[in-house]
Each structure stands twice: as C-alpha cells, then as structure tokens.
Amino acid sequence: MLFWILVATLTAAVAAVLLLPLLRAPAGGVAPQSHDAEVYRDQLDELKRDETNGVISGADAALARAEVARRLLAATDAIKAAGPVAPASRSNRLAQLAIILVLPAIGLGLYLRTGHPDVPDAPLAARLANPGDDMNILIARAERHLVDNPQDGAGWDVLAPIYYRGGRLEEAAAAYENAARLLGATPARLGGYAESLIALSGGIVTNEAQAALRKSLTIEPDDPRASFYLALAMKQEGKTPEALAAFGEIVRTSPAGAPWLPLVNEHIASLGGKTAQGAGQALPGHPSGEDIAAASEMSAGDRTAMIEGMVGSLAEKLKQDPKNFEGWMRIIRSYAVLGRTDMATAAVKQSLAAFPAGGKEGQQLLALAGELGLEADGDVK
Amino acid sequence: MIVELGHYALVLALATSLLQAALPLAGALRGDRALMEIGTIAAKATFLLVALSFCALTYAHVTSDFSVQNVWENSHSQIPLIYKYSGVWGNHEGSMLLWVLILTFFSALVALFGNNLPETLKANVLSIQAMITAAFALFILMTSNPFNRLLNAPGEGKDLNPVLQDIGLAIHPPLLYLGYVGFSVCFSFAIAALIEGRIDAAWARWVRPWALAAWTCLTAGIAMGSYWAYYELGWGGWWFWDPVENASFIPWLAGTALLHSALVMEKREALKIWTVLLAIMTFSMSLLGTFLVRSGVLTSVHAFATDPTRGVFILIILILFIGGALSLFALRAARLKAGGLFAPISREGALVLNNLILTTAAATVLTGTLYPLALEALTGAKISVGAPFFNMTFGLLMLPLLLAVPFGPLLAWKRGDLPGAAQRLFAAVAFGLVVGCVVYYAQNGGPILAALGIALGAYMILGSMMELFLRSGLGKVAAGVAWRRLSGLPRSVFGTALAHIGLGVTLIGIVAVTAFETEHIIEMKPGMTAEAGGYSLRFEGLRKGNGANYSEEVGHFIVSGDGVAMGDITSSKRIYTARRMPTTEAGIRTFGLSQLYVSLGDDMADGGIVVRVWWKPMILCIWGGALFMMAGGLVSLSDRRLRIGAPTRSKKPKPVLEPAQ
C-alpha cells in the first residue's frame, strides 16, 4: 500500500512541476538576435580588457574590433527587422492534458508490464538473520559453514546431492569427492561422484568416472548402479559382447521387479540382446538422464526452485508414505547440515515411528542420528 | 519496495522525457514561452528520477539483494564493498543506466546554466537531449532491465567478473561515458541549430566547453582503460587495436577534430558547417561504439543473430538518430550562413587540415573495425584486422599531422605566414633532430625509425612550447617583463601547449616501448635470477594466500641493479572462487619513466614456474602524455573569457580569400 502511495505521490509531484510553467502568465518574448547582440557587446568589452592587459597589440585589437562591430551591426539590424515579439497568449489546454495523461498512462502502463510491485526487497543480511523456509539461504549458510570448516565431511555429504539435483554438476562432483575423502569412500559417495562426472561430460562414462565406479564395486560388489554405468561404458566404447554380458549380469543379480530393470533391458535391446521382464522407472534415488539434461538447461532461478522443491516434496511424500527408509535418511541429513537441528530431530522421531529402533532400518537411523550429533529422544549431544 | 520504486522512477523518467521531447519543440515552433519553459523543468525532473532509479539499483547491489537478477548475476556477498558499488555499472544493464544517468545529468546542466541561451535554442537542445534519453530509457526497460526480479531469490550471487574487480575498472567506464555522452550535448546543439536554420553567436560559446569537457573525460577514460589492460591482463601490451578499444578511439578522433573546429567557430565564426557536421559525427561514433560494445556483435555476428533484440534495438536508435541528423544536415546545412573568410595558409586553414586528417584517421579505424564484421556477415569467413593494418594506415596518416601540430598555433588567424612560422620552429626542429641522433647513438645502431620517431616527439614538445616563448618574448625582453607577459597570456594558450606537448610525450613513449622493450620468457626456480633493462631479478619463491573471494599464488622477486638491492616485486595469479576464473596481477616496478613488468605463467612439474619479464623503457610517457592532454583540456576549460581571434592586417592589397567551408 505504502508503495502505491509513493508511486502516486511521485507521479503527481512530477506532473505538478511540469504544469507550473503553463499556469504562470507568459512574459513577452525576445528576438533571438538580441542574444547575439549581447554576446558581441561582451566580446567588445573583452577586447578592451585584453588590449589594456597587453594580451593583444593595439593594431590587432582594432582589426578584431572592426570585425565584431560589423557583426553587432548586422545583429541589431536583424532585431529591428524582426520587430517586437508578441507574447504568446495561446491556450495550453492540450499541453496540460498531455502532461496529466501521459505521466500516469505511460508510467503505470509500462511499469505494470515490467515491474513486480508485490516482490519485497530482500537484502542478504536480513535474509541471513531470519532464514525461515528460505531454502537458498539455508544452502548458502551451509556453503559458508563449509568455507570456514572445509573438513566437515557430513556437510559435503548433504550438499552434494542438492548440487547434483540443482544441475551444479562441478560443485556436486567436488562435494562428493570431499565427502569421500573426509568420511571414507562408500558406494553412495563414489557413485554420486561418478554420476556427476558422467552428467558433466554429457552422458559419457569417462575414465575418471570408471575408476571411481570400480573402486565402489570393490567395497560393495552388488552395487547395481556401479555395475550399470560400467556396462554403459563398455557399450559406449563399442565392446558390445562385454556390455551385453555385463547388462545381463545386472538383470541376473537384481531382485525381480527392481526399478532399474527396464532401463537395463532397454540397453540390452538396443545392443540386440534378449531382454528379461521387469518393472519400474529409473535407478534408485537418482534422476534419469533426461532429468539431468533438463536440469542443466534450466535457468538458475528454476534450478534453485528445484532444490527447494526437493526437500519440501520429500517431506510431503514422507508424511503420506512414512515407510520410505531412504527418504528419511536423506531428509534427516539435509536438515542437520542446513542447521535446522529441530527439524532433524523431529524427523528422527517420526522415522523411528515408522521403523522401530529394534529393526535393521531403525538401527541405521539411530546410527545416522548419532553421527550427526542428534539424539533419538530429540536432544542435541 | 526501494527496488521497485527505483524501477518505477525509471519508467516515470521515460514518460517525463517524452514530454520533454515533444512540448519544448512545439513551443519553439509556435513561439510559446510557457511550453519552452517546460523543457528546463522537465530536464531537472528527469535527472532526479533517473538518479533515484540509479540509487535504488546501487542500494540493491550494496545490500546484496539477490532477488534482483542483475545483482545475483554480477555481485557476491563476499566481495569488497567498493566492488559492490562498481558492480552497479560493471555489467550491461547497469552500465546502460549509468549512460542515461549521465545523459540526463548533462541535460540538467544545460537547463540550469542555459539562462543566457536564446530561448528557442535552449528548448530545442533540451528536446533533442530528451529524445536520446527516451530512446535509451526505453531500450533499458524493454531489453536490458536491471530491475528484473527473481521470485525465488538465490542465496548467493554469481560474482562480479574477476577482471572487473579492479579499481581501474571501477572508474574507467564512468569516465568513458562522461566523454561519450558529453558529446551528446554538442550533437543536440548541432541539431537545434539545423532545426532553426541559424547558428547563434552564443552557440559556439556553448559547444566549445562541452566538446572540451567531453574530450577530456574521454581521453582520461581511454588512457585509464589502456593502463588497466596493461597491468591487469598480464600480456604486457597497452593497446591492442581491439574493436572495443577502437569503439572509444573513433569518437575520440572525431571529438578531437570537433574540439578544434569549435575553437575556430568561437573565435572566428568560421568553419560553422564543419563544426555542425563534426558534432553529429562524433556523437554518431559514440552511438556506434555503444552499439558495437553492447549488442554482442563483436563476439560473433552469429551470436548476435541468435539473440538480436538488444542489437536490433540499438541499431534502430542508431538509424533514427544518425540518419535523422544527417538528413536534417543535408536539408538545412545550405541555409547556415558561412562565417568569416580566411586564406588557405592561416590558423583556420591549418585546422581544416587537422580536421581532414583526423576524420580520415577515424574513418580508417572504423573501416578496420567493421570490415571483419561485414566480411563475417556476408561470407562467414572470420578474419581479424590486427595491429599491422592499423600501424600502416593510421601511423602514416598521423605522420603529417604530427609534423603540422606545432605550426598551427604559430600561424595567424585569417591569413598566416608559413615561412615565418617555419623559421620560428627552426629551433624545435633542430632540437628534435639532436635528441633523435643522441638516441640513435646511445642505442648504438638502434632502429633508425625509432630515432626519427623520438625526434618527432621531441620536436613536438619544443614546438608546442614555442608559442609560449614567442608570445612572452623570452630572451628578447627582460626576464621580469617576459614573466609578466607569460602570466598574462590567456589560459587557453597554455591549454593548447599542454595538450600538444602531451601528444609529443605519448609519441615518445610509444616509439621507445615499441622499439626498445625487451621480453624474456623463462622458467624460474627459487634462487634463479633473470636480467632485464640492466636490472637483475631474483626469484625468491611462491607462496599461497587467500583474499576475500579468491585464492592466489604470489611470486616474490627481488630487484637489484649493480649488485645493490632496489626493492621487490610481487606478481600473482588469482583464482576467483565463485566463477572459478583465473586472473593475473602483474608485478610492476617503476624506475623513472620505465617499468619492469613481471607476469607469472604456468607452474612446471619440477617446481619451477614460467615467468615473463618485460623491460618497458619510457612506458609511463604513454599515459603521462595523456595526463598532459587532460591537463590541457582542463586548463583550456577554465578559460571562460569570451574569445575573439584577432586577424592580422593584410600585407598584400587584395589577398585571395576562401569561403570558410
């Protein structure tokens, strides 16, 4: 409201100022030649000063004076010829109307098209002091925290998938690499690192990515993601029989109905092999190739919306379907590193309601809470 | 709210300038003083509105308001405060807003101090200024709005381009724009004169200081940009004939011609049509420069074709203003009365020669700049027109001009005495030749062209001082009298001398650096030494450091001459974290007018680093000369006397006179 009052005041003030000359009684006009005559008279005075100061010699001054005098005469003749200038006493209604109409019409018309009157200022200091639900600021805070404490592996762990989903692939790769270096290599970290590199190189499984994936397989030989990308690497290198064998091995070792089977079968089919049956859409917990391509083409604003959407929609999903173990693990981690300890402990509690502490998953949730410095009963260590 | 208010203020400024464009012009045609008066008030109002808008954008930058797209794209919360300010114009949108701010500032100055102008002239000038303002305000709002918002504000900015995070680039663009836009006032005066079909006596009195001020700022801006490129880009060069540089150099050449023409007009009422045409051309070249730099056409014609909104918009502005102005010139120039008459050999004649050479030079640079673009657009072939072309054409054009420079001030107005002037310059010629020979022998078989170049520079310096000697009568009269005469000389005489001396100084710098600089590219390990310019440079080692928003590798060197330590040099390579972009910070140490320049290259596997060491003899003369030129401009600007050129009495009964144009 205040904004519109100021807009109206500004517009009215400018209009009033512009109308002022039209409302004043016009004085009589002067012929333009009279200005010329004035200049020439000043020039004659100047010549006299120069001559007395010795800047120019007497002879030169006389010549110059003659020339200026000739111009002065011509100008005075012109003034006489022009005669007295009558003051204009025409009505200025049209001009007044123009001023009153043009300012608000163009001002508002254009501003409403280009402006965002409802978007408030957002100085960074105020946002940092009071982040609320501002996901971008929470990420920024986590980043700042990591600049000061680059050895905080858990922080890199949380940021890495956020970067990856947001299409900030180089940062995702670096974050996965840092997390693996500080907290030890796990299939999740190595796989995430490899996937970031693969997305960075436009889907090509590079040597660097292959090395990480092979290392991942030495830790966890049944990691379908690592096996899949290594098979893909063989396909890309043109080693069709090897690739077919590798894809076939994945199908053989995967449980029936595993969500990645259709993708694997697609590859087998494209290599001319026989496919097995399966259902599902993509590799577990990771965006498909199209998603990545879409993310890297997104504008930055959309990307940040994607990051924010991720945690928000995950929380929403968990509310509807609490039996999502991986989802709980991810959201607890996210909350903890973003500094929202209260939310993290709440999430631990809720997850334990779905996965009792006695079970295998429950134990893992408790272990995570301990690792993050949270207590299952909600207190921070 | 502040940001949105700034946005609205800009829109309102557009509306106000539209009124300012239409009403005073109508008033001048109808002889309606009230309507003409609106121009004065509207100019001030527009300026205040644009200033409000600019302040709002600055506020957004300083408070790191990343909900503003422009701030998000060009700022970072961690950069030093000064770059938060300079980041306002360190990007396309903000710099265009600065352009308009300066434009309206100049309009407001004309409105404030133009009371002694004939009313119709003032109304027309302000109206033309407003048309330019409106065109650019619309351009900003339609294609480059700095007030675009992000509904989901990011938490951190993408950082200001690291090469722009430098104090030099904080002041370079405003200076350049003061120059570019300053010429808009001359342009508006020229168009106003063409609309009225007459040139008032007050016209030249107004155009000269504007041309002078704009020229001084442009000189400063170009020199600043050149020095910045020298120390920041790490290539050791100071001028690359790069299209962006040329875009500022072409208006400078045209502006220099305009400046001299306006001078003649003020003093002698001659060269009227020249002045009007040059005023149009100079601002047109400024607009063209803006188009080249701002449209993206320079990166690639094809890049321009894929997103032509901005470029096409500026192109339309260009066509409207340049085309309109030249058409008006074609229609009305004949109605302008030719001014005073003069003989071919006279100060006026010398200035016509100056104008001819400078405009040809401007056209040459323009050709060299636009030819690759035209070729790429027509055939798709990518070529670059580099230093050899410009050095051959531009250098050859400059030679006669530089030789003629000292003659100009020594020739009398209206009809001059060439042998007399040559006689008076004899001392300067002799001095120049002696200096040239000394340099030749000192360098022992050094390039003869370099010796001649330095001789030319020395001749120009002494020749430019000659007028001061002659007019004060130094050596002929008592020292006291000479001093009194010297101090009684109009300041513009000193201005002329200073500016011309500056040209000579710059020339000497250019020749010396081109001919005598040495370059070594060596791989150094700590403890190794390199020799350059008679000094030895010992590499002490590298250390790593962190700045506010970058990490760097700093190489430390100790300079010694004849075994005596003379101080140290640090040269560094920086990586700016936000953009992951490397920059070099050259290490420079000044000895007199010469500099030792050290730039770090790649790290080697065995712990060494590639170091480039240049010895740049007399390099400071290049920018020192520009300082002289600027000082000349300022001194001349401070001369607010009415200026009348005194003609000399004709010796022959009936000299052959030529019309002024």
# chains A, B, ... in the order shown; residues from 1 in each chain; ligands from 1
>>> interface_residues(of="chain B", to="chain A", cutoff="6 Å", atoms="only C-alpha atoms", output="list in words")
Met1, Val11, Leu12, Ala15, Asp32, Ala34, Ile38, Thr63, Ser64, Asp65, Pro118, Pro154, Gly155, Ala201, Leu642 and Ala646 of chain B
>>> write_last_selection(atoms="N, CA, C and O atoms", output="PDB file, in the first residue's frame")
ATOM      1  N   MET B   1      10.765  -2.816  -1.693  1.00  0.00           N
ATOM      2  CA  MET B   1       9.995  -1.657  -2.142  1.00  0.00           C
ATOM      3  C   MET B   1      10.917  -0.604  -2.759  1.00  0.00           C
ATOM      4  O   MET B   1      10.571   0.023  -3.749  1.00  0.00           O
ATOM      5  N   VAL B  11      10.701   4.303 -15.197  1.00  0.00           N
ATOM      6  CA  VAL B  11       9.579   4.361 -16.138  1.00  0.00           C
ATOM      7  C   VAL B  11       9.033   5.789 -16.208  1.00  0.00           C
ATOM      8  O   VAL B  11       8.757   6.327 -17.287  1.00  0.00           O
ATOM      9  N   LEU B  12       8.928   6.426 -15.034  1.00  0.00           N
ATOM     10  CA  LEU B  12       8.414   7.795 -14.997  1.00  0.00           C
ATOM     11  C   LEU B  12       9.381   8.746 -15.702  1.00  0.00           C
ATOM     12  O   LEU B  12       8.963   9.702 -16.367  1.00  0.00           O
ATOM     13  N   ALA B  15       8.586   8.620 -19.278  1.00  0.00           N
ATOM     14  CA  ALA B  15       7.391   9.407 -19.594  1.00  0.00           C
ATOM     15  C   ALA B  15       7.720  10.898 -19.588  1.00  0.00           C
ATOM     16  O   ALA B  15       7.340  11.642 -20.499  1.00  0.00           O
ATOM     17  N   ASP B  32       5.898  29.723 -28.191  1.00  0.00           N
ATOM     18  CA  ASP B  32       5.183  29.700 -26.918  1.00  0.00           C
ATOM     19  C   ASP B  32       6.179  29.525 -25.780  1.00  0.00           C
ATOM     20  O   ASP B  32       6.762  28.461 -25.606  1.00  0.00           O
ATOM     21  N   ALA B  34       5.848  29.457 -22.536  1.00  0.00           N
ATOM     22  CA  ALA B  34       5.473  28.562 -21.441  1.00  0.00           C
ATOM     23  C   ALA B  34       5.852  27.122 -21.781  1.00  0.00           C
ATOM     24  O   ALA B  34       6.412  26.390 -20.965  1.00  0.00           O
ATOM     25  N   ILE B  38       8.883  24.421 -20.102  1.00  0.00           N
ATOM     26  CA  ILE B  38       8.719  23.055 -19.590  1.00  0.00           C
ATOM     27  C   ILE B  38      10.000  22.248 -19.748  1.00  0.00           C
ATOM     28  O   ILE B  38      10.359  21.444 -18.886  1.00  0.00           O
ATOM     29  N   THR B  63      23.413  -3.974  -0.679  1.00  0.00           N
ATOM     30  CA  THR B  63      22.840  -4.857   0.330  1.00  0.00           C
ATOM     31  C   THR B  63      22.762  -6.299  -0.164  1.00  0.00           C
ATOM     32  O   THR B  63      22.151  -7.136   0.484  1.00  0.00           O
ATOM     33  N   SER B  64      23.383  -6.581  -1.333  1.00  0.00           N
ATOM     34  CA  SER B  64      23.372  -7.944  -1.898  1.00  0.00           C
ATOM     35  C   SER B  64      21.955  -8.502  -1.966  1.00  0.00           C
ATOM     36  O   SER B  64      21.672  -9.590  -1.487  1.00  0.00           O
ATOM     37  N   ASP B  65      21.071  -7.734  -2.575  1.00  0.00           N
ATOM     38  CA  ASP B  65      19.684  -8.171  -2.719  1.00  0.00           C
ATOM     39  C   ASP B  65      19.581  -9.086  -3.939  1.00  0.00           C
ATOM     40  O   ASP B  65      19.388  -8.634  -5.067  1.00  0.00           O
ATOM     41  N   PRO B 118      19.618  31.739 -26.157  1.00  0.00           N
ATOM     42  CA  PRO B 118      18.325  32.126 -26.735  1.00  0.00           C
ATOM     43  C   PRO B 118      17.296  31.040 -26.403  1.00  0.00           C
ATOM     44  O   PRO B 118      17.610  29.859 -26.445  1.00  0.00           O
ATOM     45  N   PRO B 154      18.005 -16.386  -4.981  1.00  0.00           N
ATOM     46  CA  PRO B 154      19.125 -17.273  -4.667  1.00  0.00           C
ATOM     47  C   PRO B 154      19.844 -16.801  -3.404  1.00  0.00           C
ATOM     48  O   PRO B 154      19.706 -15.658  -2.991  1.00  0.00           O
ATOM     49  N   GLY B 155      20.589 -17.705  -2.806  1.00  0.00           N
ATOM     50  CA  GLY B 155      21.267 -17.374  -1.560  1.00  0.00           C
ATOM     51  C   GLY B 155      22.624 -16.728  -1.760  1.00  0.00           C
ATOM     52  O   GLY B 155      23.183 -16.161  -0.840  1.00  0.00           O
ATOM     53  N   ALA B 201      25.294  33.443 -32.046  1.00  0.00           N
ATOM     54  CA  ALA B 201      26.656  33.750 -31.612  1.00  0.00           C
ATOM     55  C   ALA B 201      26.982  32.985 -30.336  1.00  0.00           C
ATOM     56  O   ALA B 201      28.125  32.614 -30.088  1.00  0.00           O
ATOM     57  N   LEU B 642      35.480  35.506 -23.034  1.00  0.00           N
ATOM     58  CA  LEU B 642      34.943  35.486 -24.391  1.00  0.00           C
ATOM     59  C   LEU B 642      36.154  35.490 -25.290  1.00  0.00           C
ATOM     60  O   LEU B 642      37.135  36.148 -25.011  1.00  0.00           O
ATOM     61  N   ALA B 646      42.151  37.601 -33.082  1.00  0.00           N
ATOM     62  CA  ALA B 646      42.481  38.829 -33.803  1.00  0.00           C
ATOM     63  C   ALA B 646      43.148  38.487 -35.130  1.00  0.00           C
ATOM     64  O   ALA B 646      44.151  37.789 -35.149  1.00  0.00           O
TER      65      ALA B 646
END
>>> select_by_dssp(residues="stretch 32-203 of chain A", states="helix (DSSP H, G or I)", output="PyMOL selection string")
chain A and resi 32-53+58-82+93-114+124-129+135-148+153-165+169-183+187-200
>>> residues_around(residues="stretch 176-183 of chain B", least_positions_apart="2", cutoff="6 Å", atoms="only C-alpha atoms", output="VMD selection string")
chain B and resid 103 173 to 174 185 to 186 214 to 215 217 to 218 221 283 286
>>> closest_residue(among="B:Leu49, B:Gly495, B:Ala190, B:Trp206", to="B:Gly114", atoms="only C-alpha atoms")
B:Trp206
>>> closest_residue(among="A:Pro255, A:Gly238, A:Gly132, A:Gly191", to="A:Arg225", atoms="only C-alpha atoms")
A:Gly191
>>> atom_distance(atom1="atom CA of B:Leu326", atom2="atom CA of B:Thr143")
26.9 Å
>>> residues_around(residues="A:Asp222", least_positions_apart="5", cutoff="12 Å", atoms="only C-alpha atoms", output="list in words")
Pro187, Leu213, Arg214, Ser216, Leu217, Ser227, Phe228, Glu249, Ile250, Val251, Arg252, Thr253, Ser254 and Pro255 of chain A
>>> closest_residue(among="A:Glu170, A:Glu371, A:Leu366, A:Arg70", to="A:Leu183", atoms="only C-alpha atoms")
A:Glu371
>>> closest_residue(among="B:Leu410, B:Ala257, B:Leu537, B:Ile454", to="B:Ile345", atoms="only C-alpha atoms")
B:Leu410
>>> atom_distance(atom1="atom CA of B:Ser127", atom2="atom CA of B:Leu52")
21.7 Å
>>> residues_around(residues="stretch 503-516 of chain B", least_positions_apart="5", cutoff="8 Å", atoms="only C-alpha atoms", output="PyMOL selection string")
chain B and resi 447+450+453-454+456-461+616-626+629
>>> write_last_selection(atoms="all heavy atoms", output="compact mmCIF listing (two decimals), in the first residue's frame")
# COMPACT_ATOMS: atom_id res chain seq x y z
N PRO B 447 67.25 1.03 -34.16
CA PRO B 447 66.47 1.27 -35.36
C PRO B 447 66.38 2.76 -35.69
O PRO B 447 66.07 3.57 -34.81
CB PRO B 447 65.10 0.70 -35.03
CG PRO B 447 65.10 0.48 -33.55
CD PRO B 447 66.49 0.38 -33.11
N ALA B 450 63.05 4.45 -35.07
CA ALA B 450 62.78 4.81 -33.69
C ALA B 450 63.41 6.15 -33.35
O ALA B 450 62.79 7.00 -32.71
CB ALA B 450 63.29 3.73 -32.75
N GLY B 453 61.34 8.74 -34.82
CA GLY B 453 60.10 8.89 -34.07
C GLY B 453 60.30 9.71 -32.82
O GLY B 453 59.51 10.61 -32.51
N ILE B 454 61.40 9.43 -32.14
CA ILE B 454 61.66 10.18 -30.91
C ILE B 454 62.01 11.62 -31.26
O ILE B 454 61.60 12.56 -30.57
CB ILE B 454 62.77 9.49 -30.10
CG1 ILE B 454 62.16 8.20 -29.53
CG2 ILE B 454 63.29 10.39 -29.00
CD1 ILE B 454 62.98 7.46 -28.56
N LEU B 456 60.73 13.23 -33.69
CA LEU B 456 59.44 13.87 -33.96
C LEU B 456 58.77 14.27 -32.65
O LEU B 456 58.23 15.37 -32.51
CB LEU B 456 58.57 12.90 -34.76
CG LEU B 456 57.18 13.40 -35.18
CD1 LEU B 456 57.30 14.63 -36.04
CD2 LEU B 456 56.43 12.30 -35.91
N GLY B 457 58.82 13.38 -31.67
CA GLY B 457 58.20 13.67 -30.38
C GLY B 457 58.86 14.87 -29.72
O GLY B 457 58.18 15.78 -29.23
N ALA B 458 60.21 14.88 -29.73
CA ALA B 458 60.92 15.98 -29.09
C ALA B 458 60.61 17.29 -29.80
O ALA B 458 60.39 18.34 -29.16
CB ALA B 458 62.42 15.71 -29.12
N TYR B 459 60.52 17.23 -31.14
CA TYR B 459 60.20 18.43 -31.93
C TYR B 459 58.82 18.94 -31.55
O TYR B 459 58.60 20.15 -31.40
CB TYR B 459 60.29 18.07 -33.41
CG TYR B 459 59.37 18.83 -34.34
CD1 TYR B 459 59.67 20.14 -34.72
CD2 TYR B 459 58.23 18.23 -34.85
CE1 TYR B 459 58.83 20.82 -35.58
CE2 TYR B 459 57.38 18.90 -35.70
CZ TYR B 459 57.68 20.19 -36.07
OH TYR B 459 56.84 20.86 -36.91
N MET B 460 57.88 18.00 -31.35
CA MET B 460 56.52 18.43 -31.00
C MET B 460 56.49 19.09 -29.63
O MET B 460 55.79 20.08 -29.42
CB MET B 460 55.58 17.23 -30.99
CG MET B 460 55.22 16.81 -32.39
SD MET B 460 54.04 15.49 -32.32
CE MET B 460 52.71 16.33 -31.56
N ILE B 461 57.25 18.54 -28.70
CA ILE B 461 57.23 19.10 -27.35
C ILE B 461 57.78 20.52 -27.37
O ILE B 461 57.14 21.46 -26.89
CB ILE B 461 58.05 18.22 -26.39
CG1 ILE B 461 57.35 16.88 -26.22
CG2 ILE B 461 58.23 18.91 -25.04
CD1 ILE B 461 58.14 15.87 -25.44
N LYS B 616 60.21 -2.24 -19.98
CA LYS B 616 59.39 -1.32 -20.76
C LYS B 616 59.97 0.08 -20.65
O LYS B 616 59.59 0.85 -19.76
CB LYS B 616 57.97 -1.30 -20.21
CG LYS B 616 57.29 -2.66 -20.21
CD LYS B 616 56.53 -2.82 -21.47
CE LYS B 616 55.78 -4.14 -21.51
NZ LYS B 616 55.28 -4.40 -22.86
N PRO B 617 60.91 0.43 -21.52
CA PRO B 617 61.54 1.75 -21.39
C PRO B 617 60.55 2.87 -21.70
O PRO B 617 59.81 2.79 -22.69
CB PRO B 617 62.69 1.70 -22.39
CG PRO B 617 62.30 0.66 -23.37
CD PRO B 617 61.43 -0.32 -22.65
N MET B 618 60.54 3.88 -20.90
CA MET B 618 59.76 5.13 -21.12
C MET B 618 58.26 4.87 -21.23
O MET B 618 57.53 5.71 -21.75
CB MET B 618 60.21 5.85 -22.40
CG MET B 618 61.69 6.06 -22.57
SD MET B 618 62.28 7.36 -21.52
CE MET B 618 61.83 8.78 -22.48
N ILE B 619 57.79 3.73 -20.73
CA ILE B 619 56.38 3.42 -20.99
C ILE B 619 55.43 4.40 -20.32
O ILE B 619 54.35 4.67 -20.83
CB ILE B 619 56.05 1.97 -20.59
CG1 ILE B 619 54.62 1.63 -21.02
CG2 ILE B 619 56.18 1.76 -19.08
CD1 ILE B 619 54.42 0.26 -21.47
N LEU B 620 55.85 4.95 -19.19
CA LEU B 620 54.94 5.86 -18.49
C LEU B 620 54.64 7.11 -19.32
O LEU B 620 53.67 7.80 -19.07
CB LEU B 620 55.52 6.25 -17.13
CG LEU B 620 55.45 5.13 -16.09
CD1 LEU B 620 55.95 5.63 -14.75
CD2 LEU B 620 54.02 4.64 -15.93
N CYS B 621 55.53 7.39 -20.32
CA CYS B 621 55.27 8.54 -21.19
C CYS B 621 53.93 8.40 -21.90
O CYS B 621 53.26 9.39 -22.18
CB CYS B 621 56.37 8.67 -22.24
SG CYS B 621 57.87 9.34 -21.56
N ILE B 622 53.54 7.16 -22.20
CA ILE B 622 52.31 6.97 -22.96
C ILE B 622 51.13 7.57 -22.20
O ILE B 622 50.35 8.34 -22.74
CB ILE B 622 52.08 5.47 -23.23
CG1 ILE B 622 53.17 4.95 -24.16
CG2 ILE B 622 50.71 5.25 -23.84
CD1 ILE B 622 53.11 3.46 -24.40
N TRP B 623 51.03 7.20 -20.91
CA TRP B 623 49.89 7.71 -20.14
C TRP B 623 50.20 9.09 -19.56
O TRP B 623 49.30 9.87 -19.31
CB TRP B 623 49.54 6.72 -19.04
CG TRP B 623 49.28 5.37 -19.63
CD1 TRP B 623 48.23 5.03 -20.43
CD2 TRP B 623 50.11 4.21 -19.54
NE1 TRP B 623 48.34 3.72 -20.83
CE2 TRP B 623 49.48 3.19 -20.30
CE3 TRP B 623 51.29 3.93 -18.90
CZ2 TRP B 623 50.03 1.92 -20.42
CZ3 TRP B 623 51.82 2.66 -19.02
CH2 TRP B 623 51.20 1.66 -19.78
N GLY B 624 51.51 9.36 -19.38
CA GLY B 624 51.89 10.70 -18.92
C GLY B 624 51.46 11.73 -19.95
O GLY B 624 50.94 12.80 -19.60
N GLY B 625 51.63 11.37 -21.23
CA GLY B 625 51.19 12.28 -22.30
C GLY B 625 49.70 12.52 -22.21
O GLY B 625 49.22 13.65 -22.37
N ALA B 626 48.95 11.44 -21.91
CA ALA B 626 47.50 11.60 -21.78
C ALA B 626 47.17 12.52 -20.62
O ALA B 626 46.24 13.33 -20.70
CB ALA B 626 46.84 10.24 -21.58
N MET B 629 47.55 15.93 -21.84
CA MET B 629 46.42 16.31 -22.69
C MET B 629 45.22 16.68 -21.83
O MET B 629 44.54 17.68 -22.08
CB MET B 629 46.04 15.15 -23.61
CG MET B 629 47.04 14.91 -24.73
SD MET B 629 46.41 13.63 -25.85
CE MET B 629 47.83 12.59 -26.00
>>> residues_around(residues="B:Gly534", least_positions_apart="3", cutoff="9 Å", atoms="only C-alpha atoms", output="PyMOL selection string")
chain B and resi 531+561-562
>>> write_last_selection(atoms="C-alpha atoms", output="compact mmCIF listing (two decimals), in the first residue's frame")
# COMPACT_ATOMS: atom_id res chain seq x y z
CA GLU B 531 68.26 -9.89 -16.36
CA GLY B 561 70.95 -3.09 -10.01
CA ASP B 562 74.77 -3.29 -9.95
>>> residues_around(residues="B:Val352", least_positions_apart="6", cutoff="12 Å", atoms="only C-alpha atoms", output="VMD selection string")
chain B and resid 257 to 265 270 to 275 278 342 to 346 358 to 359 401 404 408 660 to 661
